[in-house]
Amino acid sequence: MWRVLLVVAVLCVGCRTGQNPDSLPAASVEVLIDGHLNGSGCIADSSGLVLTADHVAKGREEVTREVLWQGRRLPAQFVARDVLHDIALLQLPAERAPYPCLEVAENAPRADAPLRLHGSAQFDHEVRLHGFVASETPSYRYFADRQGFMRCWLVNGFSPPGTSGGAWVDKGGRIVGVQSGFVNYKDASMSGLALVSPPDAIRALLVAKQTIERPRLGCGLEELWSQSPGFIARFPPGTEGVATVPLEEGGPVAEAGLTRESLIVAVDGKPVRYRTDLLDEVYRHQPGDTLELRVLAPDTTEPATVTITLGAMP
């Protein structure tokens with residue numbers, strides 16, 4: 001189970017209704033899985049293409065998917081998913097008239113920009129929530145149940161259970177990202193920092209309309225300076241890198257001989273200081289590609305060179 005509550009957005013390439021914020025309720029939907037309300041979503045294309053969270057759509061499972069839209073209960077067929085960004089596409093039946101839909105923004109909005117979220121909150125329908133952009137720069141969060149990371153940016157705003165799949169829109173009514181979780185603090189889920197999939201990933205899935213395969217390291221990553229003083233002291237002064245914790249048994253990193261105490265200091269000849277330094281490089285590759293890592297063990301001074309073969313996120 002994810003230890004974050006998750007939310008998603010919906011975008012549309014070529015739709016005209018996205019310029020009007022009042023178009024959001026008309027394009028919003030709720031997603032049923034085997035008859036149970038599992039989250040929210042939004043119509044992303046006038047043909048009836050719906051974008052929602054992958055965890056809402058249950059893209060890996062054989063289930064019955066339906067959508068509630070403007071008082072109607074419609075069957076929905078699974079189309080595609082991108083597990084790295086927790087987004088998925090569903091297809092509604094063909095209609096005589098075009099479906100209302102929203103336009104996807106070209107870029108994430110600037111810091112402090114006001115946003116609006118629409119969805120089902122705790123089984124109350126058509127709830128509107130507000131937030132502000134907290135960070136324009138994408139980062140990564142590790143989820144053990146998905147055996148990999150999520151790439152996201154941060155919004156200062158709450159997303160109660162049921163809003164999973166709801167669209168965050170800017171003041172022009174354009175989708176600016178897929179709300180897909182929030183930061184926990186000591187097992188509490190009320191930090192107010194929402195994890196939002198970036199619009200570049202949403203546009204890519206809408207264009208591809210097929211599942212996008214993503215590589216897998218088989219471990220979490222924590223920057224050295226976030227570790228205990230005792231662990232930091234086991235490396236030469238000034239050392240920077242990322243520790244491979246938690247480590248997945250049998251994953252690509254473990255198969256290459258790394259342990260929970262290994263510190264990655266370079267990838268393909270490039271220094272690794274932050275988690276993003278390594279993961280940006282990883283996600284330029286495909287499953288089955290190889291990476292050359294420079295790895296430092298505790299109580300040593302010379303890094304070893306290790307080659308790993310990337311796995312695939314499930």
# chains A, B, ... in the order shown; residues from 1 in each chain; ligands from 1
$ residues_around --residues "segment 304-307 of chain A" --least-positions-apart "4" --cutoff "6 Å" --atoms "only C-alpha atoms" --output "list in words"
Leu291, Glu292, Leu293, Arg294 and Val295 of chain A
$ write_last_selection --atoms "N, CA and C atoms" --output "CSV table (one decimal), in the first residue's frame"
chain,number,residue,atom,x,y,z
A,291,LEU,N,24.4,0.8,-17.0
A,291,LEU,CA,25.0,2.0,-16.4
A,291,LEU,C,26.3,1.6,-15.7
A,292,GLU,N,27.3,2.5,-15.8
A,292,GLU,CA,28.5,2.3,-15.0
A,292,GLU,C,28.5,3.3,-13.8
A,293,LEU,N,28.5,2.6,-12.6
A,293,LEU,CA,28.5,3.4,-11.4
A,293,LEU,C,29.8,3.4,-10.7
A,294,ARG,N,30.2,4.5,-10.0
A,294,ARG,CA,31.3,4.5,-9.1
A,294,ARG,C,30.8,4.4,-7.7
A,295,VAL,N,31.2,3.4,-7.0
A,295,VAL,CA,30.5,3.0,-5.7
A,295,VAL,C,31.6,3.0,-4.6
$ residues_around --residues "segment 78-82 of chain A" --least-positions-apart "4" --cutoff "12 Å" --atoms "only C-alpha atoms" --output "number ranges by chain"
A: 31, 33, 48-67, 86-93, 146, 149-151, 178, 197, 201-215, 312-314
$ closest_residue --among "A:Thr137, A:Ser180, A:Thr259, A:Ser226" --to "Gly165 of chain A" --atoms "only C-alpha atoms"
A:Ser180
$ select_by_dssp --residues "segment 77-301 of chain A" --states "alpha helix (DSSP H)" --output "PyMOL selection string"
chain A and resi 199-208+229-232+252-255+275-282
$ residues_around --residues "segment 274-282 of chain A" --least-positions-apart "3" --cutoff "8 Å" --atoms "only C-alpha atoms" --output "VMD selection string"
chain A and resid 139 to 140 215 221 to 223 241 to 242 266 to 267 271 285 291
$ decode --residues "segment 47-126 of chain A" --atoms "C-alpha atoms" --output "PDB file, in the first residue's frame"
ATOM      1  CA  SER A  47     -13.169  11.598 -28.171  1.00  0.00           C
ATOM      2  CA  GLY A  48     -13.677  10.569 -24.518  1.00  0.00           C
ATOM      3  CA  LEU A  49     -10.116   9.839 -23.470  1.00  0.00           C
ATOM      4  CA  VAL A  50      -9.840  10.078 -19.677  1.00  0.00           C
ATOM      5  CA  LEU A  51      -6.621  10.667 -17.757  1.00  0.00           C
ATOM      6  CA  THR A  52      -6.459   9.478 -14.160  1.00  0.00           C
ATOM      7  CA  ALA A  53      -3.947   8.068 -11.706  1.00  0.00           C
ATOM      8  CA  ASP A  54      -2.527   4.666 -12.537  1.00  0.00           C
ATOM      9  CA  HIS A  55      -3.203   3.578  -8.964  1.00  0.00           C
ATOM     10  CA  VAL A  56      -6.842   4.651  -9.437  1.00  0.00           C
ATOM     11  CA  ALA A  57      -7.206   2.870 -12.797  1.00  0.00           C
ATOM     12  CA  LYS A  58      -5.429  -0.244 -11.426  1.00  0.00           C
ATOM     13  CA  GLY A  59      -3.527  -0.578 -14.680  1.00  0.00           C
ATOM     14  CA  ARG A  60      -1.877  -3.876 -13.714  1.00  0.00           C
ATOM     15  CA  GLU A  61      -5.112  -5.639 -12.777  1.00  0.00           C
ATOM     16  CA  GLU A  62      -8.015  -7.278 -14.603  1.00  0.00           C
ATOM     17  CA  VAL A  63     -10.944  -5.306 -13.214  1.00  0.00           C
ATOM     18  CA  THR A  64     -14.191  -3.743 -14.416  1.00  0.00           C
ATOM     19  CA  ARG A  65     -13.687  -0.023 -15.017  1.00  0.00           C
ATOM     20  CA  GLU A  66     -16.510   2.524 -15.237  1.00  0.00           C
ATOM     21  CA  VAL A  67     -16.777   6.301 -15.130  1.00  0.00           C
ATOM     22  CA  LEU A  68     -19.405   8.524 -13.555  1.00  0.00           C
ATOM     23  CA  TRP A  69     -19.908  11.640 -15.669  1.00  0.00           C
ATOM     24  CA  GLN A  70     -22.721  14.195 -15.448  1.00  0.00           C
ATOM     25  CA  GLY A  71     -25.118  11.716 -13.863  1.00  0.00           C
ATOM     26  CA  ARG A  72     -24.282   8.911 -16.291  1.00  0.00           C
ATOM     27  CA  ARG A  73     -22.451   5.637 -15.605  1.00  0.00           C
ATOM     28  CA  LEU A  74     -20.290   4.716 -18.603  1.00  0.00           C
ATOM     29  CA  PRO A  75     -18.026   1.714 -19.285  1.00  0.00           C
ATOM     30  CA  ALA A  76     -14.329   2.566 -19.645  1.00  0.00           C
ATOM     31  CA  GLN A  77     -11.588   0.594 -21.368  1.00  0.00           C
ATOM     32  CA  PHE A  78      -7.994   0.696 -20.176  1.00  0.00           C
ATOM     33  CA  VAL A  79      -5.656   2.264 -22.796  1.00  0.00           C
ATOM     34  CA  ALA A  80      -2.172   2.939 -21.380  1.00  0.00           C
ATOM     35  CA  ARG A  81      -0.117   3.791 -18.291  1.00  0.00           C
ATOM     36  CA  ASP A  82       3.117   5.437 -17.179  1.00  0.00           C
ATOM     37  CA  VAL A  83       4.020   4.019 -13.774  1.00  0.00           C
ATOM     38  CA  LEU A  84       6.888   6.493 -13.210  1.00  0.00           C
ATOM     39  CA  HIS A  85       4.381   9.361 -13.195  1.00  0.00           C
ATOM     40  CA  ASP A  86       1.372   7.436 -11.806  1.00  0.00           C
ATOM     41  CA  ILE A  87      -0.847   8.311 -14.768  1.00  0.00           C
ATOM     42  CA  ALA A  88      -3.135   6.199 -16.937  1.00  0.00           C
ATOM     43  CA  LEU A  89      -5.572   6.625 -19.813  1.00  0.00           C
ATOM     44  CA  LEU A  90      -9.098   5.207 -20.086  1.00  0.00           C
ATOM     45  CA  GLN A  91     -11.430   5.363 -23.088  1.00  0.00           C
ATOM     46  CA  LEU A  92     -15.136   6.188 -22.877  1.00  0.00           C
ATOM     47  CA  PRO A  93     -17.693   5.025 -25.481  1.00  0.00           C
ATOM     48  CA  ALA A  94     -18.101   7.082 -28.657  1.00  0.00           C
ATOM     49  CA  GLU A  95     -20.739   9.824 -28.453  1.00  0.00           C
ATOM     50  CA  ARG A  96     -22.548  11.784 -31.158  1.00  0.00           C
ATOM     51  CA  ALA A  97     -21.324  15.073 -29.719  1.00  0.00           C
ATOM     52  CA  PRO A  98     -17.713  15.725 -28.637  1.00  0.00           C
ATOM     53  CA  TYR A  99     -16.939  15.279 -24.953  1.00  0.00           C
ATOM     54  CA  PRO A 100     -15.983  18.426 -23.005  1.00  0.00           C
ATOM     55  CA  CYS A 101     -12.275  18.314 -22.221  1.00  0.00           C
ATOM     56  CA  LEU A 102      -9.417  20.364 -20.832  1.00  0.00           C
ATOM     57  CA  GLU A 103      -6.231  21.645 -22.411  1.00  0.00           C
ATOM     58  CA  VAL A 104      -2.834  20.697 -21.027  1.00  0.00           C
ATOM     59  CA  ALA A 105      -0.455  23.532 -20.160  1.00  0.00           C
ATOM     60  CA  GLU A 106       2.864  23.666 -21.971  1.00  0.00           C
ATOM     61  CA  ASN A 107       4.855  24.016 -18.753  1.00  0.00           C
ATOM     62  CA  ALA A 108       4.446  23.791 -15.009  1.00  0.00           C
ATOM     63  CA  PRO A 109       3.419  27.185 -13.576  1.00  0.00           C
ATOM     64  CA  ARG A 110       5.808  29.428 -11.688  1.00  0.00           C
ATOM     65  CA  ALA A 111       6.280  29.213  -7.920  1.00  0.00           C
ATOM     66  CA  ASP A 112       3.388  30.632  -5.861  1.00  0.00           C
ATOM     67  CA  ALA A 113       0.957  30.467  -8.794  1.00  0.00           C
ATOM     68  CA  PRO A 114      -2.607  29.693  -7.579  1.00  0.00           C
ATOM     69  CA  LEU A 115      -4.165  26.378  -8.666  1.00  0.00           C
ATOM     70  CA  ARG A 116      -7.531  24.644  -8.313  1.00  0.00           C
ATOM     71  CA  LEU A 117      -8.367  20.957  -7.847  1.00  0.00           C
ATOM     72  CA  HIS A 118     -11.742  19.373  -8.599  1.00  0.00           C
ATOM     73  CA  GLY A 119     -12.833  15.868  -7.597  1.00  0.00           C
ATOM     74  CA  SER A 120     -14.650  13.585  -5.193  1.00  0.00           C
ATOM     75  CA  ALA A 121     -13.439  14.151  -1.616  1.00  0.00           C
ATOM     76  CA  GLN A 122     -14.296  11.505   0.992  1.00  0.00           C
ATOM     77  CA  PHE A 123     -17.226  10.485  -1.243  1.00  0.00           C
ATOM     78  CA  ASP A 124     -18.594  14.013  -1.434  1.00  0.00           C
ATOM     79  CA  HIS A 125     -18.969  14.850  -5.102  1.00  0.00           C
ATOM     80  CA  GLU A 126     -17.754  17.886  -7.095  1.00  0.00           C
TER      81      GLU A 126
END
